[in-house]
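Undergrad: Input structure: input_38.cif, which contains mmCIF, C-alpha atoms.
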data_my_file
loop_
_atom_site.group_PDB
_atom_site.id
_atom_site.type_symbol
_atom_site.label_atom_id
_atom_site.label_comp_id
_atom_site.auth_asym_id
_atom_site.auth_seq_id
_atom_site.Cartn_x
_atom_site.Cartn_y
_atom_site.Cartn_z
ATOM 1 C CA MET Z 1 16.607 -16.923 11.492
ATOM 2 C CA THR Z 2 16.626 -14.749 14.544
ATOM 3 C CA GLY Z 3 19.354 -12.428 13.376
ATOM 4 C CA ASP Z 4 17.666 -10.272 10.730
ATOM 5 C CA GLY Z 5 16.369 -7.205 12.516
ATOM 6 C CA GLY Z 6 16.904 -8.557 16.008
ATOM 7 C CA ALA Z 7 14.724 -10.598 18.291
ATOM 8 C CA GLY Z 8 11.712 -9.009 19.898
ATOM 9 C CA VAL Z 9 8.297 -9.513 21.401
ATOM 10 C CA LEU Z 10 5.223 -8.415 19.483
ATOM 11 C CA THR Z 11 3.567 -5.788 21.665
ATOM 12 C CA THR Z 12 0.569 -4.252 19.967
ATOM 13 C CA ALA Z 13 -1.847 -3.358 22.760
ATOM 14 C CA PRO Z 14 -1.925 0.450 23.142
ATOM 15 C CA GLY Z 15 -0.959 1.780 26.536
ATOM 16 C CA PRO Z 16 -3.256 4.037 28.525
ATOM 17 C CA ALA Z 17 -1.676 7.149 27.020
ATOM 18 C CA ASP Z 18 -0.347 5.773 23.738
ATOM 19 C CA PRO Z 19 -0.217 8.640 21.227
ATOM 20 C CA PHE Z 20 -0.417 6.283 18.224
ATOM 21 C CA VAL Z 21 -3.868 6.200 16.590
ATOM 22 C CA HIS Z 22 -4.865 3.562 14.023
ATOM 23 C CA PRO Z 23 -8.527 3.709 12.905
ATOM 24 C CA ALA Z 24 -10.164 1.651 10.158
ATOM 25 C CA LEU Z 25 -12.527 3.713 8.003
ATOM 26 C CA PHE Z 26 -15.287 1.676 6.334
ATOM 27 C CA TYR Z 27 -16.860 3.122 3.184
ATOM 28 C CA GLY Z 28 -19.389 1.877 0.661
ATOM 29 C CA ASP Z 29 -19.099 4.398 -2.173
ATOM 30 C CA PRO Z 30 -16.918 7.317 -3.347
ATOM 31 C CA GLY Z 31 -18.971 9.819 -1.358
ATOM 32 C CA GLU Z 32 -18.368 7.995 1.914
ATOM 33 C CA TYR Z 33 -14.713 7.576 0.960
ATOM 34 C CA LEU Z 34 -14.202 11.301 0.443
ATOM 35 C CA ALA Z 35 -16.265 12.182 3.520
ATOM 36 C CA GLY Z 36 -13.918 10.097 5.652
ATOM 37 C CA THR Z 37 -10.539 10.871 4.099
ATOM 38 C CA VAL Z 38 -10.603 14.489 2.917
ATOM 39 C CA PRO Z 39 -11.554 16.061 6.292
ATOM 40 C CA PHE Z 40 -8.765 13.974 7.848
ATOM 41 C CA VAL Z 41 -6.271 15.454 5.384
ATOM 42 C CA ARG Z 42 -7.634 19.002 5.732
ATOM 43 C CA ALA Z 43 -7.433 18.785 9.534
ATOM 44 C CA ALA Z 44 -3.750 17.894 9.230
ATOM 45 C CA LEU Z 45 -3.138 20.814 6.871
ATOM 46 C CA ALA Z 46 -4.991 23.215 9.183
ATOM 47 C CA ALA Z 47 -2.823 22.074 12.111
ATOM 48 C CA ASP Z 48 0.372 22.333 10.024
ATOM 49 C CA GLU Z 49 0.900 18.585 10.475
ATOM 50 C CA PRO Z 50 2.750 16.544 7.836
ATOM 51 C CA VAL Z 51 0.271 14.397 5.916
ATOM 52 C CA ALA Z 52 0.618 11.662 3.305
ATOM 53 C CA VAL Z 53 -1.951 9.750 1.261
ATOM 54 C CA ALA Z 54 -0.942 6.262 0.107
ATOM 55 C CA VAL Z 55 -3.947 4.611 -1.552
ATOM 56 C CA PRO Z 56 -4.676 2.811 -4.857
ATOM 57 C CA GLY Z 57 -4.432 5.066 -7.896
ATOM 58 C CA GLU Z 58 -8.152 5.423 -8.582
ATOM 59 C CA ASN Z 59 -8.796 6.547 -5.006
ATOM 60 C CA LEU Z 60 -5.702 8.734 -5.058
ATOM 61 C CA ARG Z 61 -7.189 10.699 -7.937
ATOM 62 C CA LEU Z 62 -10.493 11.104 -6.077
ATOM 63 C CA ILE Z 63 -8.732 12.700 -3.115
ATOM 64 C CA GLN Z 64 -6.463 14.833 -5.286
ATOM 65 C CA ASP Z 65 -9.410 16.182 -7.251
ATOM 66 C CA GLU Z 66 -11.353 16.967 -4.070
ATOM 67 C CA LEU Z 67 -8.407 18.728 -2.406
ATOM 68 C CA GLY Z 68 -7.550 20.812 -5.451
ATOM 69 C CA ALA Z 69 -4.774 23.316 -4.796
ATOM 70 C CA ASP Z 70 -4.585 22.269 -1.134
ATOM 71 C CA GLY Z 71 -3.086 18.977 -2.292
ATOM 72 C CA ALA Z 72 0.216 20.722 -3.013
ATOM 73 C CA ALA Z 73 1.180 20.279 0.632
ATOM 74 C CA VAL Z 74 0.308 16.550 0.689
ATOM 75 C CA ARG Z 75 2.611 13.636 -0.130
ATOM 76 C CA PHE Z 76 0.737 11.354 -2.556
ATOM 77 C CA LEU Z 77 1.707 7.725 -3.295
ATOM 78 C CA ASP Z 78 -0.042 5.105 -5.400
ATOM 79 C CA MET Z 79 -0.258 2.124 -3.056
ATOM 80 C CA ARG Z 80 -0.608 -0.283 -5.993
ATOM 81 C CA GLU Z 81 3.013 0.530 -6.778
ATOM 82 C CA ALA Z 82 4.571 1.612 -3.486
ATOM 83 C CA GLY Z 83 2.798 -1.106 -1.509
ATOM 84 C CA ARG Z 84 2.550 -3.943 -3.987
ATOM 85 C CA ASN Z 85 4.497 -6.057 -1.497
ATOM 86 C CA PRO Z 86 2.786 -5.522 1.879
ATOM 87 C CA GLY Z 87 6.088 -6.319 3.604
ATOM 88 C CA ARG Z 88 7.642 -3.076 2.381
ATOM 89 C CA ILE Z 89 4.795 -0.738 3.352
ATOM 90 C CA ILE Z 90 5.968 -0.140 6.936
ATOM 91 C CA PRO Z 91 9.632 0.572 6.115
ATOM 92 C CA GLY Z 92 9.242 1.928 2.582
ATOM 93 C CA VAL Z 93 6.028 3.967 2.845
ATOM 94 C CA LEU Z 94 4.826 4.643 6.404
ATOM 95 C CA ARG Z 95 8.118 4.863 8.281
ATOM 96 C CA ALA Z 96 9.832 6.462 5.292
ATOM 97 C CA PHE Z 97 7.378 9.350 5.538
ATOM 98 C CA ALA Z 98 6.999 9.560 9.327
ATOM 99 C CA ASP Z 99 10.709 9.262 10.085
ATOM 100 C CA GLY Z 100 11.555 12.066 7.688
ATOM 101 C CA ARG Z 101 9.361 14.651 9.425
ATOM 102 C CA PRO Z 102 10.631 17.035 12.120
ATOM 103 C CA PRO Z 103 9.842 15.916 15.680
ATOM 104 C CA GLY Z 104 7.225 17.678 17.778
ATOM 105 C CA ARG Z 105 4.255 17.468 15.426
ATOM 106 C CA ARG Z 106 1.782 14.676 14.826
ATOM 107 C CA VAL Z 107 2.138 12.930 11.474
ATOM 108 C CA ARG Z 108 -0.999 11.813 9.642
ATOM 109 C CA ILE Z 109 -1.194 9.172 6.919
ATOM 110 C CA VAL Z 110 -4.081 7.746 4.919
ATOM 111 C CA GLY Z 111 -2.936 4.214 4.061
ATOM 112 C CA GLU Z 112 -5.043 1.728 2.065
ATOM 113 C CA PRO Z 113 -3.109 -1.552 1.724
ATOM 114 C CA VAL Z 114 -6.168 -3.803 1.221
ATOM 115 C CA TRP Z 115 -8.214 -3.410 -1.939
ATOM 116 C CA ALA Z 116 -10.453 -5.597 -4.082
ATOM 117 C CA GLY Z 117 -8.224 -7.479 -6.494
ATOM 118 C CA ARG Z 118 -5.464 -8.365 -4.075
ATOM 119 C CA SER Z 119 -4.515 -11.945 -4.951
ATOM 120 C CA PRO Z 120 -5.042 -14.898 -2.573
ATOM 121 C CA ALA Z 121 -1.263 -15.027 -2.139
ATOM 122 C CA GLU Z 122 -1.073 -11.317 -1.277
ATOM 123 C CA TYR Z 123 -3.956 -11.042 1.169
ATOM 124 C CA PRO Z 124 -2.466 -12.924 4.172
ATOM 125 C CA ALA Z 125 0.580 -10.647 3.999
ATOM 126 C CA CYS Z 126 -1.771 -7.633 3.917
ATOM 127 C CA ALA Z 127 -3.600 -8.742 7.058
ATOM 128 C CA GLN Z 128 -0.344 -9.366 8.908
ATOM 129 C CA HIS Z 129 0.919 -5.959 7.802
ATOM 130 C CA GLU Z 130 -2.134 -4.208 9.246
ATOM 131 C CA ALA Z 131 -1.678 -6.066 12.522
ATOM 132 C CA LEU Z 132 2.023 -5.242 12.737
ATOM 133 C CA ILE Z 133 1.509 -1.506 12.204
ATOM 134 C CA ASN Z 134 0.355 -1.342 15.821
ATOM 135 C CA ALA Z 135 3.694 -2.625 17.097
ATOM 136 C CA ALA Z 136 5.765 -0.660 14.584
ATOM 137 C CA PHE Z 137 4.307 2.719 15.654
ATOM 138 C CA ARG Z 138 3.492 2.133 19.302
ATOM 139 C CA GLY Z 139 4.344 5.229 21.351
ATOM 140 C CA ARG Z 140 4.674 7.569 18.373
ATOM 141 C CA GLU Z 141 2.738 10.759 17.549
ATOM 142 C CA VAL Z 142 1.293 9.260 14.377
ATOM 143 C CA THR Z 143 -2.239 8.668 13.094
ATOM 144 C CA ILE Z 144 -2.732 6.135 10.269
ATOM 145 C CA LEU Z 145 -6.255 6.026 8.801
ATOM 146 C CA CYS Z 146 -6.940 2.830 6.825
ATOM 147 C CA PRO Z 147 -9.959 2.813 4.456
ATOM 148 C CA TYR Z 148 -11.848 -0.452 3.747
ATOM 149 C CA ASP Z 149 -14.344 -0.827 0.892
ATOM 150 C CA THR Z 150 -17.452 -2.557 2.274
ATOM 151 C CA ALA Z 151 -18.977 -2.905 -1.205
ATOM 152 C CA ARG Z 152 -16.085 -4.809 -2.790
ATOM 153 C CA LEU Z 153 -14.057 -6.517 -0.060
ATOM 154 C CA ASP Z 154 -15.130 -9.909 1.242
ATOM 155 C CA GLU Z 155 -16.312 -10.636 4.774
ATOM 156 C CA ARG Z 156 -12.938 -12.014 5.836
ATOM 157 C CA ALA Z 157 -11.131 -8.779 4.973
ATOM 158 C CA LEU Z 158 -13.723 -6.666 6.783
ATOM 159 C CA ALA Z 159 -13.611 -8.903 9.865
ATOM 160 C CA ASP Z 160 -9.805 -8.771 9.886
ATOM 161 C CA ALA Z 161 -9.966 -4.963 9.737
ATOM 162 C CA HIS Z 162 -11.878 -4.974 13.032
ATOM 163 C CA ALA Z 163 -9.262 -7.305 14.522
ATOM 164 C CA THR Z 164 -6.234 -5.283 13.372
ATOM 165 C CA HIS Z 165 -7.494 -1.783 14.244
ATOM 166 C CA PRO Z 166 -8.178 -0.666 17.826
ATOM 167 C CA VAL Z 167 -10.594 1.993 16.515
ATOM 168 C CA VAL Z 168 -13.192 1.610 13.745
ATOM 169 C CA ILE Z 169 -15.409 4.104 11.889
ATOM 170 C CA PRO Z 170 -18.536 2.428 10.476
ATOM 171 C CA ALA Z 171 -19.516 3.317 6.914
ATOM 172 C CA GLY Z 172 -21.404 6.573 6.670
ATOM 173 C CA SER Z 173 -21.286 7.331 10.386
ATOM 174 C CA GLY Z 174 -18.142 9.419 10.824
ATOM 175 C CA ALA Z 175 -18.121 8.322 14.486
ATOM 176 C CA GLU Z 176 -15.179 6.468 15.969
ATOM 177 C CA ARG Z 177 -15.654 3.583 18.363
ATOM 178 C CA ALA Z 178 -13.399 1.008 19.940
ATOM 179 C CA SER Z 179 -13.206 -2.314 18.137
ATOM 180 C CA ALA Z 180 -14.815 -5.091 20.169
ATOM 181 C CA VAL Z 181 -12.618 -7.774 18.575
ATOM 182 C CA TYR Z 182 -9.194 -6.092 18.452
ATOM 183 C CA ASP Z 183 -6.639 -8.936 18.334
ATOM 184 C CA PRO Z 184 -3.618 -8.147 16.141
ATOM 185 C CA GLU Z 185 -1.480 -10.913 17.657
ATOM 186 C CA GLY Z 186 -4.184 -13.405 16.714
ATOM 187 C CA VAL Z 187 -4.193 -12.155 13.121
ATOM 188 C CA VAL Z 188 -0.400 -12.472 12.825
ATOM 189 C CA ALA Z 189 -0.582 -16.048 14.140
ATOM 190 C CA ARG Z 190 -3.611 -17.014 12.022
ATOM 191 C CA TYR Z 191 -1.893 -16.083 8.772
ATOM 192 C CA ASN Z 192 1.436 -17.669 9.704
ATOM 193 C CA VAL Z 193 0.649 -20.595 7.439
ATOM 194 C CA PRO Z 194 2.780 -22.534 4.954
ATOM 195 C CA PRO Z 195 2.464 -20.993 1.473
ATOM 196 C CA GLY Z 196 1.874 -24.406 -0.118
ATOM 197 C CA PRO Z 197 4.438 -26.875 -1.446
ATOM 198 C CA ALA Z 198 6.923 -25.823 -4.087
ATOM 199 C CA PRO Z 199 6.703 -27.876 -7.294
ATOM 200 C CA GLY Z 200 8.760 -31.010 -7.646
ATOM 201 C CA ALA Z 201 11.402 -31.739 -10.223
ATOM 202 C CA GLY Z 202 10.793 -30.492 -13.747
ATOM 203 C CA PRO Z 203 12.491 -28.613 -16.583
ATOM 204 C CA ASP Z 204 11.295 -25.248 -15.228
ATOM 205 C CA VAL Z 205 12.162 -25.992 -11.601
ATOM 206 C CA LEU Z 206 15.552 -25.416 -9.982
ATOM 207 C CA GLY Z 207 16.015 -27.105 -6.629
ATOM 208 C CA VAL Z 208 19.333 -27.094 -4.812
ATOM 209 C CA ALA Z 209 20.591 -27.628 -1.279
ATOM 210 C CA PHE Z 210 23.207 -25.193 -0.024
ATOM 211 C CA ASP Z 211 25.615 -24.583 2.825
ATOM 212 C CA ALA Z 212 28.358 -22.059 3.578
ATOM 213 C CA GLU Z 213 30.662 -23.448 0.902
ATOM 214 C CA SER Z 214 28.057 -23.404 -1.869
ATOM 215 C CA LEU Z 215 26.437 -19.973 -1.379
ATOM 216 C CA SER Z 216 28.060 -18.451 -4.461
ATOM 217 C CA ALA Z 217 27.192 -21.456 -6.620
ATOM 218 C CA ALA Z 218 23.559 -21.368 -5.454
ATOM 219 C CA ARG Z 219 23.271 -17.676 -6.322
ATOM 220 C CA HIS Z 220 24.709 -18.204 -9.811
ATOM 221 C CA LEU Z 221 22.446 -21.201 -10.461
ATOM 222 C CA ALA Z 222 19.387 -19.207 -9.381
ATOM 223 C CA THR Z 223 20.314 -16.215 -11.552
ATOM 224 C CA ALA Z 224 20.952 -18.367 -14.604
ATOM 225 C CA HIS Z 225 17.649 -20.175 -14.096
ATOM 226 C CA GLY Z 226 15.811 -16.874 -13.629
ATOM 227 C CA ALA Z 227 17.191 -15.678 -16.968
ATOM 228 C CA ARG Z 228 15.915 -18.854 -18.639
ATOM 229 C CA LEU Z 229 12.484 -18.152 -17.121
ATOM 230 C CA GLY Z 230 12.345 -14.654 -18.626
ATOM 231 C CA LEU Z 231 13.833 -12.353 -15.990
ATOM 232 C CA SER Z 232 16.202 -9.647 -17.208
ATOM 233 C CA GLY Z 233 17.643 -6.315 -16.120
ATOM 234 C CA ALA Z 234 16.547 -5.158 -12.677
ATOM 235 C CA GLY Z 235 14.373 -8.244 -12.179
ATOM 236 C CA LEU Z 236 17.354 -10.533 -12.635
ATOM 237 C CA GLU Z 237 19.490 -8.356 -10.359
ATOM 238 C CA ASN Z 238 16.760 -8.510 -7.713
ATOM 239 C CA LEU Z 239 16.651 -12.305 -7.932
ATOM 240 C CA ALA Z 240 20.419 -12.422 -7.388
ATOM 241 C CA LEU Z 241 20.096 -10.118 -4.361
ATOM 242 C CA ILE Z 242 17.183 -12.086 -2.884
ATOM 243 C CA THR Z 243 18.994 -15.378 -3.320
ATOM 244 C CA ALA Z 244 22.197 -14.043 -1.799
ATOM 245 C CA GLU Z 245 20.505 -12.447 1.211
ATOM 246 C CA LEU Z 246 18.183 -15.336 2.054
ATOM 247 C CA THR Z 247 20.719 -18.118 1.620
ATOM 248 C CA THR Z 248 23.317 -16.205 3.638
ATOM 249 C CA ASN Z 249 20.760 -15.608 6.378
ATOM 250 C CA SER Z 250 20.007 -19.338 6.433
ATOM 251 C CA VAL Z 251 23.657 -20.214 6.847
ATOM 252 C CA ILE Z 252 24.195 -17.666 9.624
ATOM 253 C CA HIS Z 253 20.891 -17.918 11.486
ATOM 254 C CA GLY Z 254 19.061 -20.956 10.109
ATOM 255 C CA GLY Z 255 21.231 -23.894 11.050
ATOM 256 C CA GLY Z 256 23.980 -23.593 8.453
ATOM 257 C CA THR Z 257 22.128 -25.223 5.537
ATOM 258 C CA GLY Z 258 18.979 -24.794 3.529
ATOM 259 C CA ALA Z 259 17.071 -25.587 0.349
ATOM 260 C CA LEU Z 260 16.580 -23.165 -2.558
ATOM 261 C CA THR Z 261 13.855 -23.537 -5.195
ATOM 262 C CA VAL Z 262 13.179 -21.280 -8.205
ATOM 263 C CA TRP Z 263 10.240 -21.788 -10.578
ATOM 264 C CA PRO Z 264 7.704 -19.918 -12.753
ATOM 265 C CA GLU Z 265 4.105 -19.329 -11.690
ATOM 266 C CA GLY Z 266 1.822 -17.231 -13.843
ATOM 267 C CA GLY Z 267 3.532 -13.944 -14.574
ATOM 268 C CA HIS Z 268 6.059 -14.340 -11.771
ATOM 269 C CA VAL Z 269 9.291 -16.108 -10.993
ATOM 270 C CA LEU Z 270 9.196 -17.494 -7.460
ATOM 271 C CA CYS Z 271 12.230 -17.955 -5.248
ATOM 272 C CA GLU Z 272 11.853 -19.957 -2.039
ATOM 273 C CA VAL Z 273 14.378 -20.648 0.708
ATOM 274 C CA ARG Z 274 13.715 -23.142 3.509
ATOM 275 C CA ASP Z 275 15.870 -23.794 6.557
ATOM 276 C CA LYS Z 276 15.621 -24.978 10.154
ATOM 277 C CA GLY Z 277 15.776 -21.522 11.747
ATOM 278 C CA ARG Z 278 12.881 -19.702 13.344
ATOM 279 C CA PHE Z 279 11.949 -16.017 13.372
ATOM 280 C CA THR Z 280 11.354 -14.641 16.842
ATOM 281 C CA ASP Z 281 10.677 -11.056 15.728
ATOM 282 C CA PRO Z 282 7.527 -10.488 13.619
ATOM 283 C CA LEU Z 283 8.859 -7.069 12.570
ATOM 284 C CA ALA Z 284 12.092 -8.451 11.137
ATOM 285 C CA GLY Z 285 12.602 -6.951 7.688
ATOM 286 C CA ARG Z 286 9.998 -4.247 8.323
ATOM 287 C CA ARG Z 287 12.147 -1.728 10.201
ATOM 288 C CA PRO Z 288 14.187 0.855 8.306
ATOM 289 C CA ALA Z 289 17.861 0.261 8.944
ATOM 290 C CA ALA Z 290 19.614 2.804 11.158
ATOM 291 C CA ARG Z 291 22.371 4.732 9.413
ATOM 292 C CA ASP Z 292 25.047 3.262 11.680
ATOM 293 C CA GLN Z 293 23.608 -0.270 11.617
ATOM 294 C CA ARG Z 294 25.980 -2.992 10.492
ATOM 295 C CA GLY Z 295 24.292 -6.082 9.105
ATOM 296 C CA GLY Z 296 20.725 -7.130 9.712
ATOM 297 C CA ARG Z 297 19.460 -5.622 6.458
ATOM 298 C CA GLY Z 298 18.939 -8.808 4.456
ATOM 299 C CA LEU Z 299 15.194 -9.334 4.802
ATOM 300 C CA LEU Z 300 14.576 -5.570 4.614
ATOM 301 C CA LEU Z 301 16.315 -5.482 1.224
ATOM 302 C CA VAL Z 302 14.299 -8.493 0.088
ATOM 303 C CA ASN Z 303 11.042 -6.788 1.075
ATOM 304 C CA LEU Z 304 12.029 -3.621 -0.773
ATOM 305 C CA VAL Z 305 12.734 -5.334 -4.118
ATOM 306 C CA ALA Z 306 10.253 -8.252 -4.256
ATOM 307 C CA ASP Z 307 6.666 -7.962 -5.520
ATOM 308 C CA LEU Z 308 5.534 -10.171 -2.634
ATOM 309 C CA VAL Z 309 7.200 -11.926 0.293
ATOM 310 C CA ARG Z 310 5.415 -14.691 2.192
ATOM 311 C CA ILE Z 311 6.946 -16.047 5.417
ATOM 312 C CA HIS Z 312 6.014 -19.073 7.473
ATOM 313 C CA THR Z 313 7.952 -19.795 10.638
ATOM 314 C CA GLY Z 314 7.493 -22.435 13.311
ATOM 315 C CA PRO Z 315 9.290 -25.077 15.396
ATOM 316 C CA GLU Z 316 10.144 -27.079 12.267
ATOM 317 C CA GLY Z 317 11.842 -24.155 10.512
ATOM 318 C CA THR Z 318 11.188 -21.185 8.252
ATOM 319 C CA THR Z 319 10.070 -20.843 4.636
ATOM 320 C CA ILE Z 320 10.412 -17.549 2.770
ATOM 321 C CA ARG Z 321 8.805 -17.329 -0.670
ATOM 322 C CA CYS Z 322 9.406 -14.309 -2.897
ATOM 323 C CA TYR Z 323 7.603 -13.280 -6.087
ATOM 324 C CA LEU Z 324 9.225 -11.324 -8.909
ATOM 325 C CA GLY Z 325 7.295 -10.114 -11.971
ATOM 326 C CA ARG Z 326 8.672 -11.123 -15.367
#
So that I can check it, write out the structure of this file as structure tokens.
TA:
Amino acid sequence: MTGDGGAGVLTTAPGPADPFVHPALFYGDPGEYLAGTVPFVRAALAADEPVAVAVPGENLRLIQDELGADGAAVRFLDMREAGRNPGRIIPGVLRAFADGRPPGRRVRIVGEPVWAGRSPAEYPACAQHEALINAAFRGREVTILCPYDTARLDERALADAHATHPVVIPAGSGAERASAVYDPEGVVARYNVPPGPAPGAGPDVLGVAFDAESLSAARHLATAHGARLGLSGAGLENLALITAELTTNSVIHGGGTGALTVWPEGGHVLCEVRDKGRFTDPLAGRRPAARDQRGGRGLLLVNLVADLVRIHTGPEGTTIRCYLGR
């Protein structure tokens, strides 16, 4: 699976004059939250710099209320919706905003992808996302401030924040300092773990092998099974798209064959594709497609429509598991 997005080397260490800035802001209560985020936004407005705030809805309202009329010049996004799938935050939120601004001015973004209540399935994708931001924006005139709630997040999330951000701002201090444990590559590798086995045979489980000749049949089987599991409308269309893109990618880049499984889990329908390919580019599916780009959009499309995408890749092959709400 090297073809989606192109092969590449993960380079996250900032250069000596790298203009990209990525601090983690630690806060313990709403006062510390506003003291760290609002001056950041006001400084952007004073410098006539484009600024966006993408945080969970309850924190979004705090910032909006504090900014008052000044908020009219700010792009606000509820991260619980826009960033439900961490895999779409870079292309669909951060790059979507930064790439649409005129060149020559720094872009500032408050982005809060990790909040209390993220599920155990979601969190590893969140940590990898925070690590990959450093590679996605290296060399760009962008500052992304990432708040972390010290009162509600567990120790693992707070430790990972130090490892994924080159600069940290301790709670209540307002003073930036270099992280002593910055290691984004280590975080990406640590969370590159199998998502757990798919269920075996059962009335609610569809499991099929596919190759080039059976791609269409696999897609139709998956869509029909998704409908039986309660998907309809856009959710069913998204399952058809996910199945088509992932199985096609397996045939082209993953050894020509693969295994497709669809099953229910809680309030979601899960779609998993396994093959013998291997991703060599950690940012595959996280780059916005260029207007003149032909192909290479499959995993990007999957990230944009799924509620969650988990990927494990290694010498034995690749597993991609997607979650769709029903």
Undergrad: List, as number ranges by chain, every residue that the PyMOL selection byres ((chain Z and resi 257) around 6) selects in the file provided.
TA: Z: 210-211, 251, 255-256, 258
Undergrad: List as a PyMOL selection string the protein and nucleic acid residues near Z:Val193, meaning an atom at most 9 Å away when all atoms listed in the file are counted, but skip any in the same chain fewer than 5 places from it.
TA: chain Z and resi 124+311-313
Undergrad: Contacts of stretch 26-30 of chain Z at 8 Å or less, counting only C-alpha atoms, minus same-chain residues fewer than 4 places along, as a ChimeraX atom specification?
TA: /Z:34,36,62,147-151,168-172
Undergrad: The PyMOL selection byres ((chain Z and resi 307) around 6) on the file shown: which residues, as a list in words?
TA: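 With the shown file as input, the PyMOL selection byres ((chain Z and resi 307) around 6) matches Arg84, Asn85, Ala306, Leu308, Tyr323 and Leu324 of chain Z.
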Undergrad: Tell me which of Z:Arg219, Z:Arg286, Z:Arg177, Z:Arg108 sits closest to Z:Leu25, counting only C-alpha atoms.
TA: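 Comparing Z:Arg219, Z:Arg286, Z:Arg177, Z:Arg108 against Z:Leu25, the winner is Z:Arg177.
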Undergrad: Show which residues sit within 12 Å of Z:His225, as a PyMOL selection string. Count only C-alpha atoms, and ignore same-chain residues fewer than 5 positions away.
TA: chain Z and resi 203-208+218-220+230-232+236+239-240+243+260-264+269-271
Undergrad: Which of these, Z:Val142, Z:Ala259, Z:Ala131, Z:Val181, has the shortest distance to Z:Arg101 once you count only C-alpha atoms?
TA: Z:Val142
Undergrad: Need the shell around Z:Ser179: protein/DNA/RNA residues with any atom at most 12 Å away, counting all atoms listed in the file. Skip same-chain ones fewer than 3 positions apart. Format as a list in words?
TA: His22, Pro23, Ala24, Leu25, Ala159, Asp160, Ala161, His162, Ala163, Thr164, His165, Pro166, Val167, Val168, Ile169, Pro170, Glu176, Tyr182, Asp183 and Pro184 of chain Z
Undergrad: Is there a way to complete stretch 21-35 of chain Z with N, CA and C atoms and then write that out as a tab-separated table (two decimals), in the coordinates of the input?
TA:
chain	number	residue	atom	x	y	z
Z	21	VAL	N	-2.45	6.39	16.90
Z	21	VAL	CA	-3.87	6.20	16.59
Z	21	VAL	C	-3.97	5.46	15.26
Z	22	HIS	N	-4.81	4.42	15.21
Z	22	HIS	CA	-4.86	3.56	14.02
Z	22	HIS	C	-6.31	3.15	13.74
Z	23	PRO	N	-7.12	4.05	13.18
Z	23	PRO	CA	-8.53	3.71	12.90
Z	23	PRO	C	-8.71	3.07	11.53
Z	24	ALA	N	-9.70	2.18	11.44
Z	24	ALA	CA	-10.16	1.65	10.16
Z	24	ALA	C	-11.41	2.42	9.75
Z	25	LEU	N	-11.39	2.96	8.54
Z	25	LEU	CA	-12.53	3.71	8.00
Z	25	LEU	C	-13.25	2.84	6.99
Z	26	PHE	N	-14.50	2.48	7.26
Z	26	PHE	CA	-15.29	1.68	6.33
Z	26	PHE	C	-16.11	2.60	5.43
Z	27	TYR	N	-16.12	2.30	4.13
Z	27	TYR	CA	-16.86	3.12	3.18
Z	27	TYR	C	-17.52	2.22	2.14
Z	28	GLY	N	-18.66	2.67	1.64
Z	28	GLY	CA	-19.39	1.88	0.66
Z	28	GLY	C	-19.47	2.48	-0.72
Z	29	ASP	N	-19.06	3.75	-0.86
Z	29	ASP	CA	-19.10	4.40	-2.17
Z	29	ASP	C	-18.13	5.58	-2.15
Z	30	PRO	N	-17.88	6.21	-3.31
Z	30	PRO	CA	-16.92	7.32	-3.35
Z	30	PRO	C	-17.29	8.46	-2.43
Z	31	GLY	N	-18.57	8.73	-2.25
Z	31	GLY	CA	-18.97	9.82	-1.36
Z	31	GLY	C	-18.54	9.55	0.08
Z	32	GLU	N	-18.79	8.34	0.56
Z	32	GLU	CA	-18.37	8.00	1.91
Z	32	GLU	C	-16.85	7.98	2.03
Z	33	TYR	N	-16.18	7.58	0.95
Z	33	TYR	CA	-14.71	7.58	0.96
Z	33	TYR	C	-14.17	8.99	1.15
Z	34	LEU	N	-14.68	9.92	0.35
Z	34	LEU	CA	-14.20	11.30	0.44
Z	34	LEU	C	-14.62	11.95	1.77
Z	35	ALA	N	-15.81	11.60	2.26
Z	35	ALA	CA	-16.26	12.18	3.52
Z	35	ALA	C	-15.41	11.73	4.70
